[in-house]
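Printed here is my_file-v7.csv (CSV, C-alpha atoms):
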chain,number,residue,atom,x,y,z
A,27,MET,CA,7.5,1.8,-33.3
A,28,ALA,CA,5.3,4.8,-33.0
A,29,ASP,CA,6.5,8.1,-34.4
A,30,LEU,CA,6.8,10.2,-31.2
A,31,ASP,CA,7.7,13.8,-30.9
A,32,GLY,CA,8.6,15.8,-27.8
A,33,PHE,CA,5.0,16.7,-27.1
A,34,ASP,CA,4.0,13.0,-27.2
A,35,LEU,CA,6.8,12.1,-24.8
A,36,ALA,CA,5.8,14.9,-22.4
A,37,LEU,CA,2.2,13.8,-22.6
A,38,LEU,CA,3.2,10.2,-21.9
A,39,ALA,CA,5.4,11.2,-19.0
A,40,ALA,CA,2.6,13.2,-17.4
A,41,LEU,CA,0.1,10.3,-17.9
A,42,GLN,CA,2.6,7.8,-16.3
A,43,GLU,CA,2.7,10.1,-13.3
A,44,ASP,CA,-1.1,10.5,-13.1
A,45,GLY,CA,-3.3,8.6,-15.6
A,46,ARG,CA,-6.4,10.5,-14.4
A,47,LEU,CA,-5.3,13.8,-15.8
A,48,THR,CA,-7.9,15.6,-17.9
A,49,ASN,CA,-7.0,16.9,-21.3
A,50,GLN,CA,-7.0,20.4,-19.9
A,51,GLU,CA,-4.6,19.4,-17.1
A,52,LEU,CA,-2.4,17.7,-19.7
A,53,ALA,CA,-2.5,20.8,-21.9
A,54,GLU,CA,-1.2,22.9,-19.0
A,55,ARG,CA,1.7,20.5,-18.4
A,56,VAL,CA,2.8,20.0,-22.0
A,57,ASN,CA,2.1,23.5,-23.5
A,58,LEU,CA,-0.6,22.3,-26.0
A,59,SER,CA,-4.3,23.0,-26.3
A,60,ALA,CA,-6.7,20.6,-24.7
A,61,SER,CA,-8.0,19.5,-28.1
A,62,GLN,CA,-4.5,18.7,-29.3
A,63,CYS,CA,-3.9,16.7,-26.2
A,64,SER,CA,-7.1,14.8,-26.7
A,65,ARG,CA,-6.2,14.0,-30.3
A,66,ARG,CA,-2.7,12.9,-29.3
A,67,ARG,CA,-4.0,10.8,-26.5
A,68,LEU,CA,-6.5,9.0,-28.7
A,69,ARG,CA,-3.8,8.4,-31.3
A,70,LEU,CA,-1.4,7.0,-28.7
A,71,GLU,CA,-4.2,4.7,-27.4
A,72,ALA,CA,-5.0,3.6,-30.9
A,73,GLU,CA,-1.4,2.8,-31.6
A,74,ARG,CA,-1.2,0.9,-28.3
A,75,VAL,CA,1.6,3.2,-27.0
A,76,ILE,CA,-0.8,3.7,-24.1
A,77,SER,CA,-2.0,0.2,-23.5
A,78,GLY,CA,-4.4,0.9,-20.7
A,79,TYR,CA,-5.2,2.7,-17.4
A,80,ARG,CA,-5.5,1.2,-14.0
A,81,ALA,CA,-5.6,2.0,-10.3
A,82,VAL,CA,-2.5,1.1,-8.3
A,83,LEU,CA,-3.8,-0.7,-5.2
A,84,SER,CA,-2.1,-1.1,-1.8
A,85,ALA,CA,-1.1,-4.7,-1.1
A,86,ARG,CA,-0.8,-3.9,2.6
A,87,ALA,CA,-4.3,-2.4,2.7
A,88,LEU,CA,-5.7,-5.5,1.1
A,89,ASP,CA,-3.8,-7.7,3.7
A,90,LEU,CA,-1.4,-9.1,1.1
A,91,GLN,CA,1.5,-9.0,3.5
A,92,ILE,CA,4.0,-11.2,1.7
A,93,ALA,CA,5.7,-10.2,-1.6
A,94,ALA,CA,8.0,-12.7,-3.1
A,95,PHE,CA,9.9,-13.7,-6.2
A,96,ILE,CA,9.9,-17.3,-7.2
A,97,GLN,CA,12.4,-18.8,-9.6
A,98,VAL,CA,11.1,-21.8,-11.5
A,99,THR,CA,13.4,-24.3,-13.4
A,100,LEU,CA,11.9,-26.8,-15.7
A,101,ALA,CA,12.9,-30.5,-16.0
A,102,ALA,CA,12.5,-30.5,-19.8
A,103,HIS,CA,11.8,-28.0,-22.5
A,104,SER,CA,9.4,-28.1,-25.4
A,105,ARG,CA,6.7,-25.9,-26.9
A,106,ASP,CA,3.9,-28.0,-25.2
A,107,ILE,CA,5.6,-27.7,-21.8
A,108,ALA,CA,6.1,-24.0,-22.2
A,109,GLU,CA,2.4,-23.6,-23.2
A,110,ALA,CA,1.2,-25.7,-20.2
A,111,VAL,CA,3.4,-23.7,-17.7
A,112,THR,CA,2.3,-20.4,-19.2
A,113,ALA,CA,-1.3,-21.4,-18.8
A,114,LEU,CA,-0.8,-22.3,-15.2
A,115,LEU,CA,1.0,-19.1,-14.4
A,116,ARG,CA,-1.7,-17.0,-16.1
A,117,GLU,CA,-4.5,-18.6,-14.2
A,118,ARG,CA,-3.1,-18.0,-10.7
A,119,PRO,CA,-4.2,-14.6,-9.3
A,120,GLU,CA,-1.4,-14.4,-6.7
A,121,ILE,CA,1.1,-14.4,-9.6
A,122,LEU,CA,1.3,-10.8,-10.5
A,123,GLU,CA,4.1,-11.0,-13.1
A,124,ALA,CA,5.8,-13.9,-14.8
A,125,TYR,CA,8.9,-13.7,-17.0
A,126,ALA,CA,10.6,-16.3,-19.2
A,127,LEU,CA,14.3,-16.0,-18.7
A,128,THR,CA,17.6,-17.0,-20.2
A,129,GLY,CA,20.1,-18.9,-18.1
A,130,ASP,CA,19.6,-21.5,-15.4
A,131,THR,CA,16.2,-20.2,-14.3
A,132,ASP,CA,13.4,-20.6,-16.8
A,133,TYR,CA,10.8,-18.3,-15.1
A,134,LEU,CA,10.8,-15.5,-12.6
A,135,LEU,CA,7.5,-14.9,-10.8
A,136,ARG,CA,6.5,-11.9,-8.7
A,137,VAL,CA,3.8,-12.9,-6.3
A,138,ALA,CA,1.6,-11.3,-3.5
A,139,VAL,CA,0.0,-13.5,-0.8
A,140,ARG,CA,-1.6,-13.0,2.6
A,141,ASP,CA,1.0,-15.0,4.6
A,142,LEU,CA,3.7,-17.6,4.6
A,143,GLU,CA,1.1,-20.4,4.6
A,144,ALA,CA,-0.3,-19.1,1.3
A,145,LEU,CA,3.2,-18.8,-0.2
A,146,SER,CA,3.8,-22.4,0.9
A,147,ARG,CA,0.6,-23.6,-0.7
A,148,LEU,CA,1.5,-21.9,-4.0
A,149,VAL,CA,5.0,-23.5,-4.0
A,150,ASN,CA,4.1,-26.9,-2.6
A,151,ASP,CA,0.6,-27.5,-4.0
A,152,VAL,CA,0.7,-25.7,-7.3
A,153,LEU,CA,4.2,-25.2,-8.7
A,154,LEU,CA,6.2,-28.2,-7.5
A,155,PRO,CA,3.5,-30.8,-8.4
A,156,HIS,CA,3.5,-29.6,-12.0
A,157,PRO,CA,5.2,-32.4,-14.1
A,158,ALA,CA,7.4,-30.0,-15.9
A,159,VAL,CA,8.8,-28.3,-12.8
A,160,ALA,CA,12.2,-29.5,-11.6
A,161,ARG,CA,13.1,-26.8,-9.0
A,162,VAL,CA,11.5,-23.8,-7.3
A,163,GLN,CA,13.3,-21.2,-5.2
A,164,SER,CA,11.6,-18.5,-3.3
A,165,ARG,CA,12.8,-15.1,-2.3
A,166,ILE,CA,10.7,-13.1,0.2
A,167,VAL,CA,10.8,-9.4,-0.1
A,168,LEU,CA,12.0,-7.7,3.1
A,169,GLU,CA,11.4,-4.1,2.0
A,170,ARG,CA,9.9,-2.5,-1.1
A,171,LEU,CA,12.4,0.2,-2.1
A,172,LYS,CA,10.9,1.2,-5.5
A,173,GLU,CA,7.6,0.1,-6.9
A,174,HIS,CA,5.6,0.9,-10.0
A,175,GLY,CA,8.4,2.9,-11.6
A,176,PRO,CA,7.6,4.7,-14.8
A,177,LEU,CA,9.2,3.6,-18.1
A,178,PRO,CA,12.3,5.8,-18.8
A,179,ILE,CA,10.8,7.4,-21.9
A,180,ALA,CA,12.9,10.6,-21.7
A,181,GLN,CA,14.8,12.6,-19.1
A,182,ASP,CA,14.9,16.0,-20.9
A,183,LEU,CA,11.8,16.3,-23.0
A,184,PRO,CA,11.9,18.8,-25.8
A,185,ARG,CA,9.2,21.4,-25.5
A,186,ASP,CA,9.1,22.5,-29.1
A,187,GLY,CA,7.7,19.4,-30.7
A,188,ARG,CA,11.1,18.1,-32.1
A,189,LYS,CA,11.3,14.5,-32.9
A,190,ALA,CA,12.4,12.2,-30.1
A,191,ALA,CA,15.8,10.6,-30.5
A,192,PHE,CA,14.2,7.1,-30.9
A,193,ALA,CA,11.3,8.1,-33.2
A,194,LYS,CA,11.2,6.7,-36.7
A,195,THR,CA,13.1,8.9,-39.2
Write out the structure in this file as structure tokens.
Amino acid sequence: MADLDGFDLALLAALQEDGRLTNQELAERVNLSASQCSRRRLRLEAERVISGYRAVLSARALDLQIAAFIQVTLAAHSRDIAEAVTALLRERPEILEAYALTGDTDYLLRVAVRDLEALSRLVNDVLLPHPAVARVQSRIVLERLKEHGPLPIAQDLPRDGRKAAFAKT
């Protein structure tokens, strides 16, 4: 775990809100100089606390009208099967996120597709024919109530550079 102080947490919170902030804009938000912000940002990137930057696109504007969650249950379990299923999930662009789970469901997928026909093709032509798949259940999203939430890194950020509660001691 990275050794993070209050300034690091404030910088991370600001960047989660707007990843395009300049070092000067960050400096104004976290009460440091622009050069200190630059050094901290570079360190946080090098330590992979900041793992990347990206634009958040509108699914609706790109005509991806259907958001769904798909639960996948496997017929059998082995390392080879898990690797094969993982490879399949990673190659499909409509699968935005995939999680291996505990319990009755082995995988939970978040997908975005143009229409119900595309969802049907993914389920019936891609997932169900896979020899390891025993069951697939789909849940179509009716309304998006919260998307792209930031990680809960800190609610009350110290402004004096004190160590964060979860930093290494």
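Straight-line separation from atom CA of Ile179 of chain A to atom CA of Ala124 of chain A: 23.0 Å.
Nearest to Leu142 of chain A of all the residues A:Val167, A:Leu38, A:Ala158, A:Ala81 is A:Val167, based on all atoms listed in the file.
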Would you write out, as JSON lines, a table of all residues in segment 74-126 of chain A that have an atom no more than 6 Å from an atom of segment 131-137 of chain A, listing for each the closest atom pair and the distance in Å to one decimal, considering all atoms listed in the file and ordering rows by chain and rising residue number?
{"residue": "A:Ala93", "atom": "CA", "partner": "A:Val137", "partner_atom": "CA", "distance": 5.7}
{"residue": "A:Ala94", "atom": "CA", "partner": "A:Val137", "partner_atom": "CA", "distance": 5.3}
{"residue": "A:Phe95", "atom": "CA", "partner": "A:Arg136", "partner_atom": "CA", "distance": 4.6}
{"residue": "A:Ile96", "atom": "CA", "partner": "A:Leu135", "partner_atom": "CA", "distance": 4.9}
{"residue": "A:Gln97", "atom": "CA", "partner": "A:Leu134", "partner_atom": "CA", "distance": 4.7}
{"residue": "A:Val98", "atom": "CA", "partner": "A:Tyr133", "partner_atom": "CA", "distance": 5.0}
{"residue": "A:Thr99", "atom": "CA", "partner": "A:Asp132", "partner_atom": "CA", "distance": 5.0}
{"residue": "A:Glu120", "atom": "CA", "partner": "A:Val137", "partner_atom": "CA", "distance": 5.4}
{"residue": "A:Ile121", "atom": "CA", "partner": "A:Val137", "partner_atom": "CA", "distance": 4.5}
{"residue": "A:Leu122", "atom": "CA", "partner": "A:Val137", "partner_atom": "CA", "distance": 5.3}
{"residue": "A:Glu123", "atom": "CA", "partner": "A:Arg136", "partner_atom": "CA", "distance": 5.1}
{"residue": "A:Ala124", "atom": "CA", "partner": "A:Leu135", "partner_atom": "CA", "distance": 4.5}
{"residue": "A:Tyr125", "atom": "CA", "partner": "A:Leu134", "partner_atom": "CA", "distance": 5.1}
{"residue": "A:Ala126", "atom": "CA", "partner": "A:Tyr133", "partner_atom": "CA", "distance": 4.6}
So that I have them on file, write out the residues from the current selection with C-alpha atoms, as a PDB file, keeping the file's coordinate frame.
ATOM      1  CA  ALA A  93       5.700 -10.200  -1.600  1.00  0.00           C
ATOM      2  CA  ALA A  94       8.000 -12.700  -3.100  1.00  0.00           C
ATOM      3  CA  PHE A  95       9.900 -13.700  -6.200  1.00  0.00           C
ATOM      4  CA  ILE A  96       9.900 -17.300  -7.200  1.00  0.00           C
ATOM      5  CA  GLN A  97      12.400 -18.800  -9.600  1.00  0.00           C
ATOM      6  CA  VAL A  98      11.100 -21.800 -11.500  1.00  0.00           C
ATOM      7  CA  THR A  99      13.400 -24.300 -13.400  1.00  0.00           C
ATOM      8  CA  GLU A 120      -1.400 -14.400  -6.700  1.00  0.00           C
ATOM      9  CA  ILE A 121       1.100 -14.400  -9.600  1.00  0.00           C
ATOM     10  CA  LEU A 122       1.300 -10.800 -10.500  1.00  0.00           C
ATOM     11  CA  GLU A 123       4.100 -11.000 -13.100  1.00  0.00           C
ATOM     12  CA  ALA A 124       5.800 -13.900 -14.800  1.00  0.00           C
ATOM     13  CA  TYR A 125       8.900 -13.700 -17.000  1.00  0.00           C
ATOM     14  CA  ALA A 126      10.600 -16.300 -19.200  1.00  0.00           C
TER      15      ALA A 126
END
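The gap separating atom CA of Gly45 of chain A from atom CA of Arg80 of chain A is 7.9 Å, in Å to one decimal.
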| message | If we count only C-alpha atoms and set the cut-off at 10 Å, which residues sit around Ala102 of chain A, ignoring sequence neighbours fewer than 4 positions away in its own chain? Please answer as a PyMOL selection string. | response | chain A and resi 107-108+157-160
| task | Identify the residues around (3.0, -24.8, -3.4) within a radius of 12 Å, measuring from only C-alpha atoms in the coordinates stated by the file, and give them as an MDAnalysis selection string. | result | chainID A and resid 96 98 118 120 139 142:156 159 161:164
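Shortest atom-to-atom contact with Arg55 of chain A among A:Ala138, A:Leu41, A:Val111, A:Leu68: A:Leu41, counting all atoms listed in the file.
Using all atoms listed in the file, the nearest neighbour of Leu168 of chain A within the list A:Gln50, A:Gln91, A:Ser84, A:Asn57 is A:Gln91.
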| message | Can you measure atom CA of Glu43 of chain A to atom CA of His174 of chain A for me? One decimal in Å is fine. | response | 10.2 Å
